[in-house]
>>> print(open('input05.cif').read())   # mmCIF, C-alpha atoms and all ligand atoms
data_entry
loop_
_atom_site.label_atom_id
_atom_site.label_comp_id
_atom_site.auth_asym_id
_atom_site.auth_seq_id
_atom_site.Cartn_x
_atom_site.Cartn_y
_atom_site.Cartn_z
CA MET A 1 150.55 11.98 -34.59
CA SER A 2 151.98 15.46 -35.14
CA PHE A 3 151.17 18.24 -37.55
CA HIS A 4 153.80 18.64 -40.23
CA TYR A 5 153.77 21.23 -42.99
CA LYS A 6 156.43 21.42 -45.70
CA ASP A 7 155.82 25.16 -45.79
CA ILE A 8 153.38 27.85 -44.66
CA VAL A 9 149.90 27.08 -45.97
CA PRO A 10 147.04 29.42 -46.97
CA TRP A 11 144.23 28.96 -44.45
CA GLY A 12 141.93 31.67 -43.14
CA ARG A 13 140.00 32.68 -40.02
CA SER A 14 136.85 34.78 -39.78
CA PHE A 15 136.35 38.40 -38.72
CA ASP A 16 134.94 37.29 -35.33
CA GLU A 17 137.88 34.95 -34.77
CA TYR A 18 140.23 37.90 -35.37
CA LEU A 19 138.36 39.94 -32.75
CA ASP A 20 139.00 37.19 -30.20
CA MET A 21 142.54 36.24 -31.29
CA PHE A 22 143.73 39.83 -30.86
CA ASN A 23 141.28 40.94 -28.16
CA LEU A 24 140.18 43.77 -30.48
CA SER A 25 137.90 46.43 -28.97
CA GLU A 26 135.69 48.89 -30.85
CA ASP A 27 138.42 51.50 -30.21
CA ASP A 28 141.00 49.16 -31.77
CA LEU A 29 138.81 48.70 -34.85
CA ALA A 30 138.80 52.48 -35.35
CA ARG A 31 142.61 52.48 -35.60
CA ASP A 32 144.63 52.30 -38.82
CA ILE A 33 145.21 48.52 -39.07
CA VAL A 34 147.39 46.30 -41.25
CA ASP A 35 147.13 42.49 -41.18
CA VAL A 36 150.44 40.90 -42.19
CA GLY A 37 150.23 37.34 -43.49
CA GLY A 38 146.50 37.90 -43.94
CA GLY A 39 146.14 34.92 -46.29
CA PRO A 40 142.58 33.85 -47.16
CA ALA A 41 141.12 35.21 -43.90
CA ALA A 42 137.88 37.22 -43.82
CA PHE A 43 139.16 40.00 -41.54
CA ASN A 44 139.80 42.44 -44.39
CA SER A 45 136.35 41.84 -45.86
CA GLY A 46 134.73 42.29 -42.43
CA MET A 47 136.56 45.56 -41.80
CA HIS A 48 135.58 46.81 -45.25
CA GLN A 49 131.93 45.99 -44.55
CA ARG A 50 132.20 48.26 -41.51
CA ASP A 51 133.68 51.00 -43.71
CA ALA A 52 136.86 50.81 -41.65
CA PRO A 53 140.24 51.25 -43.34
CA ILE A 54 142.24 48.02 -43.59
CA ILE A 55 145.19 46.64 -45.53
CA SER A 56 146.19 42.99 -45.65
CA VAL A 57 149.61 41.88 -46.84
CA ASP A 58 150.59 38.47 -48.18
CA PRO A 59 152.78 37.09 -50.98
CA ILE A 60 149.81 34.96 -52.15
CA TYR A 61 147.93 38.10 -53.19
CA GLN A 62 150.00 38.03 -56.40
CA TYR A 63 147.61 35.27 -57.61
CA SER A 64 144.18 35.63 -59.19
CA GLU A 65 141.01 34.63 -57.33
CA ALA A 66 140.83 31.45 -59.45
CA GLU A 67 144.44 30.56 -58.65
CA LEU A 68 143.87 31.20 -54.94
CA ARG A 69 140.78 29.00 -54.95
CA GLN A 70 142.89 26.29 -56.55
CA ARG A 71 145.68 26.65 -53.95
CA ILE A 72 143.19 26.56 -51.06
CA GLN A 73 141.57 23.48 -52.57
CA GLU A 74 144.97 21.75 -52.90
CA THR A 75 145.75 22.47 -49.25
CA TYR A 76 142.37 21.30 -47.97
CA LYS A 77 142.69 17.55 -47.96
CA ASP A 78 146.06 17.57 -46.18
CA ILE A 79 144.92 20.03 -43.48
CA ILE A 80 141.67 18.20 -42.80
CA THR A 81 143.43 14.84 -42.60
CA GLN A 82 146.05 16.25 -40.21
CA ALA A 83 143.41 18.08 -38.12
CA PHE A 84 141.42 14.86 -37.75
CA GLY A 85 144.51 12.89 -36.68
CA ASN A 86 145.41 15.66 -34.18
CA ARG A 87 141.91 16.44 -32.85
CA ASP A 88 143.11 15.93 -29.24
CA LYS A 89 145.23 19.09 -29.68
CA PHE A 90 142.14 21.32 -29.86
CA VAL A 91 139.50 22.60 -27.45
CA TRP A 92 136.14 21.68 -28.98
CA THR A 93 134.00 24.47 -27.59
CA ARG A 94 134.01 27.07 -30.35
CA PHE A 95 133.49 24.27 -32.88
CA ALA A 96 131.93 20.97 -31.91
CA SER A 97 133.89 18.78 -34.32
CA VAL A 98 136.48 18.71 -37.09
CA GLY A 99 133.58 18.61 -39.57
CA GLU A 100 132.06 21.80 -38.16
CA LEU A 101 135.47 23.50 -38.14
CA VAL A 102 136.08 22.58 -41.77
CA ALA A 103 132.65 23.77 -42.89
CA PHE A 104 133.25 27.07 -41.13
CA ARG A 105 136.69 27.48 -42.71
CA ARG A 106 135.20 26.80 -46.16
CA GLN A 107 132.60 29.51 -45.62
CA THR A 108 135.23 31.96 -44.29
CA MET A 109 137.61 31.44 -47.20
CA GLU A 110 134.68 31.77 -49.63
CA THR A 111 134.01 35.20 -48.07
CA PHE A 112 137.67 36.08 -48.70
CA CYS A 113 137.59 34.81 -52.30
CA GLN A 114 134.45 36.80 -53.13
CA ASP A 115 136.03 39.99 -51.75
CA PHE A 116 139.54 39.48 -53.12
CA GLU A 117 139.56 40.92 -56.68
CA THR A 118 137.59 44.03 -55.68
CA GLY A 119 139.70 44.48 -52.57
CA ARG A 120 142.92 44.15 -54.53
CA GLN A 121 141.77 46.83 -57.00
CA GLN A 122 140.92 49.05 -54.03
CA GLY A 123 144.42 48.52 -52.61
CA ARG A 124 143.17 46.55 -49.57
CA TYR A 125 145.19 43.43 -50.50
CA VAL A 126 148.89 44.15 -51.00
CA VAL A 127 151.48 41.71 -52.37
CA ALA A 128 154.52 41.70 -50.08
CA ALA A 129 156.43 39.42 -47.74
CA LEU A 130 158.18 39.77 -44.43
CA PRO A 131 160.80 40.84 -43.63
CA ASN A 132 160.47 43.63 -46.25
CA LEU A 133 157.20 45.52 -46.37
CA PRO A 134 156.52 48.41 -48.77
CA PHE A 135 155.29 50.96 -46.21
CA PRO A 136 156.92 54.03 -44.62
CA ASP A 137 157.95 54.05 -40.96
CA ARG A 138 155.04 54.15 -38.48
CA HIS A 139 152.52 54.11 -41.31
CA PHE A 140 149.98 52.11 -39.27
CA ASP A 141 148.63 52.44 -35.79
CA LEU A 142 148.08 48.72 -35.20
CA VAL A 143 149.89 45.80 -36.87
CA LEU A 144 148.35 42.32 -36.60
CA SER A 145 149.86 39.00 -37.60
CA ALA A 146 148.21 35.62 -36.99
CA HIS A 147 149.25 32.03 -37.64
CA LEU A 148 152.54 32.93 -39.26
CA LEU A 149 155.25 34.00 -36.79
CA PHE A 150 155.89 31.51 -33.95
CA PHE A 151 153.16 29.22 -35.35
CA TYR A 152 155.49 28.07 -38.13
CA SER A 153 158.59 27.83 -35.93
CA ALA A 154 159.53 24.59 -37.68
CA ASN A 155 159.62 26.37 -41.04
CA ARG A 156 161.34 29.70 -40.22
CA ASP A 157 164.40 30.30 -37.99
CA LEU A 158 165.01 32.78 -35.18
CA ALA A 159 166.82 35.22 -37.49
CA PHE A 160 163.72 35.39 -39.71
CA HIS A 161 161.49 35.94 -36.68
CA LEU A 162 163.68 38.78 -35.39
CA ASP A 163 163.87 40.50 -38.78
CA ALA A 164 160.12 40.06 -39.28
CA VAL A 165 159.09 41.44 -35.88
CA ARG A 166 161.50 44.40 -36.30
CA GLU A 167 159.84 45.12 -39.65
CA LEU A 168 156.35 44.97 -38.10
CA LEU A 169 157.52 47.45 -35.44
CA ARG A 170 159.03 49.71 -38.10
CA ILE A 171 155.72 50.12 -39.96
CA GLY A 172 153.45 50.49 -36.92
CA THR A 173 153.01 51.90 -33.45
CA GLU A 174 151.79 48.69 -31.83
CA VAL A 175 152.19 45.07 -32.92
CA ARG A 176 150.09 42.05 -31.89
CA ILE A 177 151.09 38.51 -32.80
CA PHE A 178 148.93 35.40 -32.27
CA PRO A 179 149.43 32.58 -31.29
CA LEU A 180 152.68 31.99 -29.38
CA VAL A 181 152.57 28.24 -29.86
CA ASP A 182 153.55 26.28 -32.94
CA VAL A 183 151.34 23.98 -35.00
CA ASN A 184 151.83 21.22 -32.42
CA ASN A 185 150.89 23.36 -29.37
CA SER A 186 154.48 23.84 -28.10
CA PHE A 187 155.31 27.32 -26.85
CA SER A 188 157.62 28.62 -29.58
CA THR A 189 161.27 28.60 -28.54
CA PHE A 190 161.58 31.93 -30.41
CA VAL A 191 159.19 33.98 -28.24
CA LEU A 192 161.51 34.70 -25.31
CA PRO A 193 164.63 35.32 -27.47
CA VAL A 194 162.60 37.77 -29.59
CA ILE A 195 161.32 39.56 -26.46
CA ARG A 196 164.82 39.74 -24.97
CA GLU A 197 166.52 40.94 -28.18
CA LEU A 198 163.91 43.60 -28.85
CA LYS A 199 164.11 44.81 -25.25
CA LYS A 200 167.70 45.82 -26.11
CA ASP A 201 166.28 47.91 -28.98
CA GLY A 202 163.92 49.71 -26.57
CA ILE A 203 160.84 47.61 -27.28
CA ASP A 204 158.44 46.76 -24.46
CA SER A 205 156.18 43.74 -24.64
CA SER A 206 153.56 41.76 -22.82
CA VAL A 207 152.20 38.26 -23.18
CA GLU A 208 148.43 38.42 -22.74
CA GLY A 209 145.60 35.92 -22.56
CA VAL A 210 142.93 36.33 -25.25
CA PRO A 211 139.34 35.02 -25.56
CA TYR A 212 140.22 32.84 -28.57
CA HIS A 213 140.86 29.23 -27.59
CA LEU A 214 141.06 26.56 -30.28
CA GLN A 215 144.54 25.09 -29.94
CA LYS A 216 144.74 23.72 -26.37
CA THR A 217 147.72 25.92 -25.45
CA GLY A 218 147.06 28.67 -27.99
CA ASN A 219 145.19 31.41 -26.14
CA GLN A 220 147.91 34.04 -25.74
CA MET A 221 149.14 36.89 -27.92
CA LEU A 222 152.33 38.94 -27.82
CA ARG A 223 151.92 42.70 -27.78
CA LEU A 224 154.94 44.92 -28.61
CA TRP A 225 155.47 48.68 -28.61
CA ARG A 226 158.31 51.17 -28.28
CA SER A 227 159.28 52.06 -24.69
CA GLY A 228 158.14 55.50 -23.66
CA LEU A 229 154.92 55.35 -25.66
CA THR A 230 152.43 56.27 -22.98
CA GLN A 231 149.50 57.22 -25.20
CA LEU A 232 148.61 53.62 -26.07
CA PRO A 233 145.16 53.05 -24.49
CA PHE A 234 145.91 49.58 -23.07
CA LEU A 235 148.84 50.89 -20.99
CA ASP A 236 146.39 52.30 -18.42
CA ARG A 237 145.68 48.74 -17.31
CA PHE A 238 149.23 48.07 -16.16
CA GLN A 239 149.85 48.78 -12.48
CA THR A 240 153.60 48.39 -12.87
CA SER A 241 156.03 48.69 -15.74
CA PRO A 242 154.57 47.05 -18.88
CA ALA A 243 157.73 44.98 -19.14
CA ALA A 244 156.77 43.35 -15.85
CA CYS A 245 153.85 41.71 -17.66
CA ILE A 246 156.12 39.46 -19.69
CA SER A 247 155.16 35.99 -18.53
CA SER A 248 157.64 33.23 -18.02
CA ASP A 249 157.71 30.31 -20.43
CA PRO A 250 154.38 28.49 -19.85
C1 LIG B 301 148.07 30.07 -42.10
S1 LIG B 301 147.88 31.54 -43.06
C2 LIG B 301 147.19 32.62 -41.84
C3 LIG B 301 146.17 33.56 -42.41
C4 LIG B 301 145.51 34.48 -41.38
N1 LIG B 301 146.43 35.37 -40.77
C5 LIG B 301 144.77 33.70 -40.32
O1 LIG B 301 145.20 33.66 -39.15
O2 LIG B 301 143.74 33.09 -40.64
C6 LIG B 301 149.57 32.11 -43.15
C7 LIG B 301 149.80 33.09 -44.29
O3 LIG B 301 151.13 33.65 -44.17
C8 LIG B 301 151.56 33.94 -45.47
N2 LIG B 301 153.02 34.13 -45.51
C9 LIG B 301 153.99 33.20 -45.68
N3 LIG B 301 155.20 33.79 -45.65
C10 LIG B 301 154.99 35.11 -45.47
C11 LIG B 301 155.86 36.23 -45.33
N4 LIG B 301 157.19 36.10 -45.40
N5 LIG B 301 155.31 37.45 -45.16
C12 LIG B 301 153.96 37.59 -45.08
N6 LIG B 301 153.10 36.56 -45.18
C13 LIG B 301 153.61 35.33 -45.37
C14 LIG B 301 151.11 32.73 -46.27
O4 LIG B 301 151.07 33.01 -47.66
C15 LIG B 301 149.74 32.44 -45.66
O5 LIG B 301 148.69 33.02 -46.42
#
>>> encode(input="input05.cif", output="structure tokens", more="lines below")
Ligand SMILES: C[S@@+](CC[C@H](N)C(=O)[O-])C[C@H]1O[C@@H](n2cnc3c(N)ncnc32)[C@H](O)[C@@H]1O
Amino acid sequence: MSFHYKDIVPWGRSFDEYLDMFNLSEDDLARDIVDVGGGPAAFNSGMHQRDAPIISVDPIYQYSEAELRQRIQETYKDIITQAFGNRDKFVWTRFASVGELVAFRRQTMETFCQDFETGRQQGRYVVAALPNLPFPDRHFDLVLSAHLLFFYSANRDLAFHLDAVRELLRIGTEVRIFPLVDVNNSFSTFVLPVIRELKKDGIDSSVEGVPYHLQKTGNQMLRLWRSGLTQLPFLDRFQTSPAACISSDP
């Protein structure tokens, strides 16, 4: 059995899962962050609880809390059924079973729902969609995007991915995208073309392992930044040119 989604579904991870998916350090959390395709995740709420500035962007933020609850509810049965049929595609260490995973997701999305109306009034949840975001150039220090690009490779083509990643790079200094595999654990065929095309625009990148491991092959993120940016803290770790860290297709 394979996962199949007619379109991108609202489904949300927790603050701690975000830390692991993007390998976020305390220094990272002090940066000006935007989460694009934030959906019903609890990252925004967690950042707000820490009094850290955060903006999440998603077209679904046009809906009310009640409408979002309804949409999440409608998505539930299909996702759970598909997750159960595809349970061999996951590593069952973070969660012991599909049941535990589902209970955790429910709790996480409840955290989002309870924060949403207040957060929207405070400007923390912004209605917008890639590839056109309503922010000036380099407005953010760190741009995150999870379970949207590459993950939904069956639903969006390469042209969309290129336009979207260029837009993420326009609004921020550094971009991190997780995961690099699609819903069925295949390394997205768009990752290497995106890396190669953006290299021509003067964008450096690295594929990096992260602590988050739920999909069997889904424990890598793509990091992108403009060539010549030497003040990014993580660059110290590279012994050679950052571009040399681009892995080959796993
Ligand atoms: C599976 S959810 C992921 C939520 C969260 N990032 C996470 O990892 O838990 C994907 C989200 O992407 C949003 N989305 C779909 N198309 C988008 C676009 N063009 N621009 C921004 N977000 C989009 C969907 O509305 C959905 O909420």
>>> closest_atom_pairs(input="input05.cif", of="chain A", to="ligand LIG 301 (chain B)", cutoff="10 Å", atoms="all atoms listed in the file", output="JSON lines")
{"residue": "A:Asp7", "atom": "CA", "partner": "B:LIG301", "partner_atom": "C9", "distance": 8.2}
{"residue": "A:Ile8", "atom": "CA", "partner": "B:LIG301", "partner_atom": "C9", "distance": 5.5}
{"residue": "A:Val9", "atom": "CA", "partner": "B:LIG301", "partner_atom": "C1", "distance": 5.2}
{"residue": "A:Pro10", "atom": "CA", "partner": "B:LIG301", "partner_atom": "O5", "distance": 4.0}
{"residue": "A:Trp11", "atom": "CA", "partner": "B:LIG301", "partner_atom": "C1", "distance": 4.6}
{"residue": "A:Gly12", "atom": "CA", "partner": "B:LIG301", "partner_atom": "O2", "distance": 3.4}
{"residue": "A:Arg13", "atom": "CA", "partner": "B:LIG301", "partner_atom": "O2", "distance": 3.8}
{"residue": "A:Ser14", "atom": "CA", "partner": "B:LIG301", "partner_atom": "O2", "distance": 7.1}
{"residue": "A:Phe15", "atom": "CA", "partner": "B:LIG301", "partner_atom": "O2", "distance": 9.3}
{"residue": "A:Glu17", "atom": "CA", "partner": "B:LIG301", "partner_atom": "O2", "distance": 8.5}
{"residue": "A:Tyr18", "atom": "CA", "partner": "B:LIG301", "partner_atom": "O1", "distance": 7.5}
{"residue": "A:Met21", "atom": "CA", "partner": "B:LIG301", "partner_atom": "O1", "distance": 8.7}
{"residue": "A:Asp35", "atom": "CA", "partner": "B:LIG301", "partner_atom": "N1", "distance": 7.2}
{"residue": "A:Val36", "atom": "CA", "partner": "B:LIG301", "partner_atom": "C12", "distance": 5.6}
{"residue": "A:Gly37", "atom": "CA", "partner": "B:LIG301", "partner_atom": "N6", "distance": 3.4}
{"residue": "A:Gly38", "atom": "CA", "partner": "B:LIG301", "partner_atom": "N1", "distance": 4.1}
{"residue": "A:Gly39", "atom": "CA", "partner": "B:LIG301", "partner_atom": "O5", "distance": 3.2}
{"residue": "A:Pro40", "atom": "CA", "partner": "B:LIG301", "partner_atom": "C3", "distance": 6.0}
{"residue": "A:Ala41", "atom": "CA", "partner": "B:LIG301", "partner_atom": "O2", "distance": 4.7}
{"residue": "A:Ala42", "atom": "CA", "partner": "B:LIG301", "partner_atom": "O2", "distance": 7.8}
{"residue": "A:Phe43", "atom": "CA", "partner": "B:LIG301", "partner_atom": "O2", "distance": 8.3}
{"residue": "A:Ser56", "atom": "CA", "partner": "B:LIG301", "partner_atom": "N1", "distance": 9.1}
{"residue": "A:Val57", "atom": "CA", "partner": "B:LIG301", "partner_atom": "C12", "distance": 6.4}
{"residue": "A:Asp58", "atom": "CA", "partner": "B:LIG301", "partner_atom": "N6", "distance": 4.4}
{"residue": "A:Pro59", "atom": "CA", "partner": "B:LIG301", "partner_atom": "O4", "distance": 5.5}
{"residue": "A:Ile60", "atom": "CA", "partner": "B:LIG301", "partner_atom": "O4", "distance": 5.1}
{"residue": "A:Tyr61", "atom": "CA", "partner": "B:LIG301", "partner_atom": "O4", "distance": 8.1}
{"residue": "A:Leu68", "atom": "CA", "partner": "B:LIG301", "partner_atom": "O5", "distance": 10.0}
{"residue": "A:Ile72", "atom": "CA", "partner": "B:LIG301", "partner_atom": "O5", "distance": 9.7}
{"residue": "A:Arg105", "atom": "CA", "partner": "B:LIG301", "partner_atom": "O2", "distance": 9.2}
{"residue": "A:Thr108", "atom": "CA", "partner": "B:LIG301", "partner_atom": "O2", "distance": 9.3}
{"residue": "A:Met109", "atom": "CA", "partner": "B:LIG301", "partner_atom": "O2", "distance": 9.1}
{"residue": "A:Val127", "atom": "CA", "partner": "B:LIG301", "partner_atom": "C12", "distance": 8.7}
{"residue": "A:Ala128", "atom": "CA", "partner": "B:LIG301", "partner_atom": "C12", "distance": 6.5}
{"residue": "A:Ala129", "atom": "CA", "partner": "B:LIG301", "partner_atom": "N5", "distance": 3.4}
{"residue": "A:Leu130", "atom": "CA", "partner": "B:LIG301", "partner_atom": "N5", "distance": 3.8}
{"residue": "A:Pro131", "atom": "CA", "partner": "B:LIG301", "partner_atom": "N4", "distance": 6.2}
{"residue": "A:Asn132", "atom": "CA", "partner": "B:LIG301", "partner_atom": "N5", "distance": 8.1}
{"residue": "A:Leu133", "atom": "CA", "partner": "B:LIG301", "partner_atom": "N5", "distance": 8.4}
{"residue": "A:Leu144", "atom": "CA", "partner": "B:LIG301", "partner_atom": "N1", "distance": 8.3}
{"residue": "A:Ser145", "atom": "CA", "partner": "B:LIG301", "partner_atom": "N1", "distance": 5.9}
{"residue": "A:Ala146", "atom": "CA", "partner": "B:LIG301", "partner_atom": "N1", "distance": 4.2}
{"residue": "A:His147", "atom": "CA", "partner": "B:LIG301", "partner_atom": "O1", "distance": 4.6}
{"residue": "A:Leu148", "atom": "CA", "partner": "B:LIG301", "partner_atom": "C6", "distance": 5.0}
{"residue": "A:Leu149", "atom": "CA", "partner": "B:LIG301", "partner_atom": "O3", "distance": 8.5}
{"residue": "A:Phe151", "atom": "CA", "partner": "B:LIG301", "partner_atom": "C1", "distance": 8.5}
{"residue": "A:Tyr152", "atom": "CA", "partner": "B:LIG301", "partner_atom": "C1", "distance": 8.6}
{"residue": "A:Asn155", "atom": "CA", "partner": "B:LIG301", "partner_atom": "N3", "distance": 9.8}
{"residue": "A:Arg156", "atom": "CA", "partner": "B:LIG301", "partner_atom": "N3", "distance": 9.2}
{"residue": "A:Phe160", "atom": "CA", "partner": "B:LIG301", "partner_atom": "N4", "distance": 8.7}
{"residue": "A:His161", "atom": "CA", "partner": "B:LIG301", "partner_atom": "N4", "distance": 9.7}
{"residue": "A:Ala164", "atom": "CA", "partner": "B:LIG301", "partner_atom": "N4", "distance": 7.9}
{"residue": "A:Ile177", "atom": "CA", "partner": "B:LIG301", "partner_atom": "N1", "distance": 9.8}
{"residue": "A:Phe178", "atom": "CA", "partner": "B:LIG301", "partner_atom": "O1", "distance": 8.0}
{"residue": "A:Pro179", "atom": "CA", "partner": "B:LIG301", "partner_atom": "O1", "distance": 9.0}
{"residue": "A:Val183", "atom": "CA", "partner": "B:LIG301", "partner_atom": "C1", "distance": 9.9}
>>> residues_around(input="input05.cif", residues="segment 90-101 of chain A", least_positions_apart="6", cutoff="8 Å", atoms="only C-alpha atoms", output="VMD selection string")
chain A and resid 80 83 to 84 213 to 216
>>> write_last_selection(input="input05.cif", atoms="C-alpha atoms", output="mmCIF file, in the coordinates of the input")
data_model
loop_
_atom_site.group_PDB
_atom_site.id
_atom_site.type_symbol
_atom_site.label_atom_id
_atom_site.label_comp_id
_atom_site.auth_asym_id
_atom_site.auth_seq_id
_atom_site.Cartn_x
_atom_site.Cartn_y
_atom_site.Cartn_z
ATOM 1 C CA ILE A 80 141.670 18.200 -42.800
ATOM 2 C CA ALA A 83 143.410 18.080 -38.120
ATOM 3 C CA PHE A 84 141.420 14.860 -37.750
ATOM 4 C CA HIS A 213 140.860 29.230 -27.590
ATOM 5 C CA LEU A 214 141.060 26.560 -30.280
ATOM 6 C CA GLN A 215 144.540 25.090 -29.940
ATOM 7 C CA LYS A 216 144.740 23.720 -26.370
#
>>> atom_distance(input="input05.cif", atom1="atom CA of Glu208 of chain A", atom2="atom CA of Asp141 of chain A")
19.2 Å
>>> atom_distance(input="input05.cif", atom1="atom CA of Arg176 of chain A", atom2="atom CA of Asn44 of chain A")
16.2 Å
>>> atom_distance(input="input05.cif", atom1="atom CA of Ile55 of chain A", atom2="atom CA of Tyr125 of chain A")
5.9 Å
>>> closest_residue(input="input05.cif", among="A:Ile54, A:Leu222, A:Ala66, A:Val194", to="Ala159 of chain A", atoms="all atoms listed in the file")
A:Val194
>>> closest_residue(input="input05.cif", among="A:Leu19, A:His4, A:Tyr76, A:Asp157", to="Tyr212 of chain A", atoms="only C-alpha atoms")
A:Leu19
>>> closest_residue(input="input05.cif", among="A:Ser206, A:Gln82, A:Thr217, A:Gln70", to="Val181 of chain A", atoms="only C-alpha atoms")
A:Thr217
>>> residues_around(input="input05.cif", residues="Gly85 of chain A", least_positions_apart="6", cutoff="9 Å", atoms="all atoms listed in the file", output="ChimeraX atom specification")
/A:1-3
>>> closest_residue(input="input05.cif", among="A:Met47, A:Leu168, A:Cys113, A:Leu29", to="Arg69 of chain A", atoms="all atoms listed in the file")
A:Cys113
>>> axis_aligned_box(input="input05.cif", around="segment 197-212 of chain A", padding_each_side="3 Å", output="JSON")
{"center_x": 153.5, "center_y": 41.3, "center_z": -25.8, "size_x": 34.4, "size_y": 22.9, "size_z": 12.4}
>>> residues_near_point(input="input05.cif", point="(140.6, 44.2, -50.8)", cutoff="8 Å", atoms="all atoms listed in the file", output="PDB file with C-alpha atoms, in the frame of the given file")
ATOM      1  CA  ASN A  44     139.800  42.440 -44.390  1.00  0.00           C
ATOM      2  CA  SER A  45     136.350  41.840 -45.860  1.00  0.00           C
ATOM      3  CA  HIS A  48     135.580  46.810 -45.250  1.00  0.00           C
ATOM      4  CA  ILE A  55     145.190  46.640 -45.530  1.00  0.00           C
ATOM      5  CA  SER A  56     146.190  42.990 -45.650  1.00  0.00           C
ATOM      6  CA  ASP A 115     136.030  39.990 -51.750  1.00  0.00           C
ATOM      7  CA  PHE A 116     139.540  39.480 -53.120  1.00  0.00           C
ATOM      8  CA  GLU A 117     139.560  40.920 -56.680  1.00  0.00           C
ATOM      9  CA  THR A 118     137.590  44.030 -55.680  1.00  0.00           C
ATOM     10  CA  GLY A 119     139.700  44.480 -52.570  1.00  0.00           C
ATOM     11  CA  ARG A 120     142.920  44.150 -54.530  1.00  0.00           C
ATOM     12  CA  GLN A 121     141.770  46.830 -57.000  1.00  0.00           C
ATOM     13  CA  GLN A 122     140.920  49.050 -54.030  1.00  0.00           C
ATOM     14  CA  GLY A 123     144.420  48.520 -52.610  1.00  0.00           C
ATOM     15  CA  ARG A 124     143.170  46.550 -49.570  1.00  0.00           C
ATOM     16  CA  TYR A 125     145.190  43.430 -50.500  1.00  0.00           C
TER      17      TYR A 125
END
>>> closest_residue(input="input05.cif", among="A:Ser153, A:Ser205, A:Gln49, A:Thr189", to="Met221 of chain A", atoms="only C-alpha atoms")
A:Ser205
>>> closest_residue(input="input05.cif", among="A:Val126, A:Leu180, A:Ala30, A:Val175", to="Arg223 of chain A", atoms="all atoms listed in the file")
A:Val175
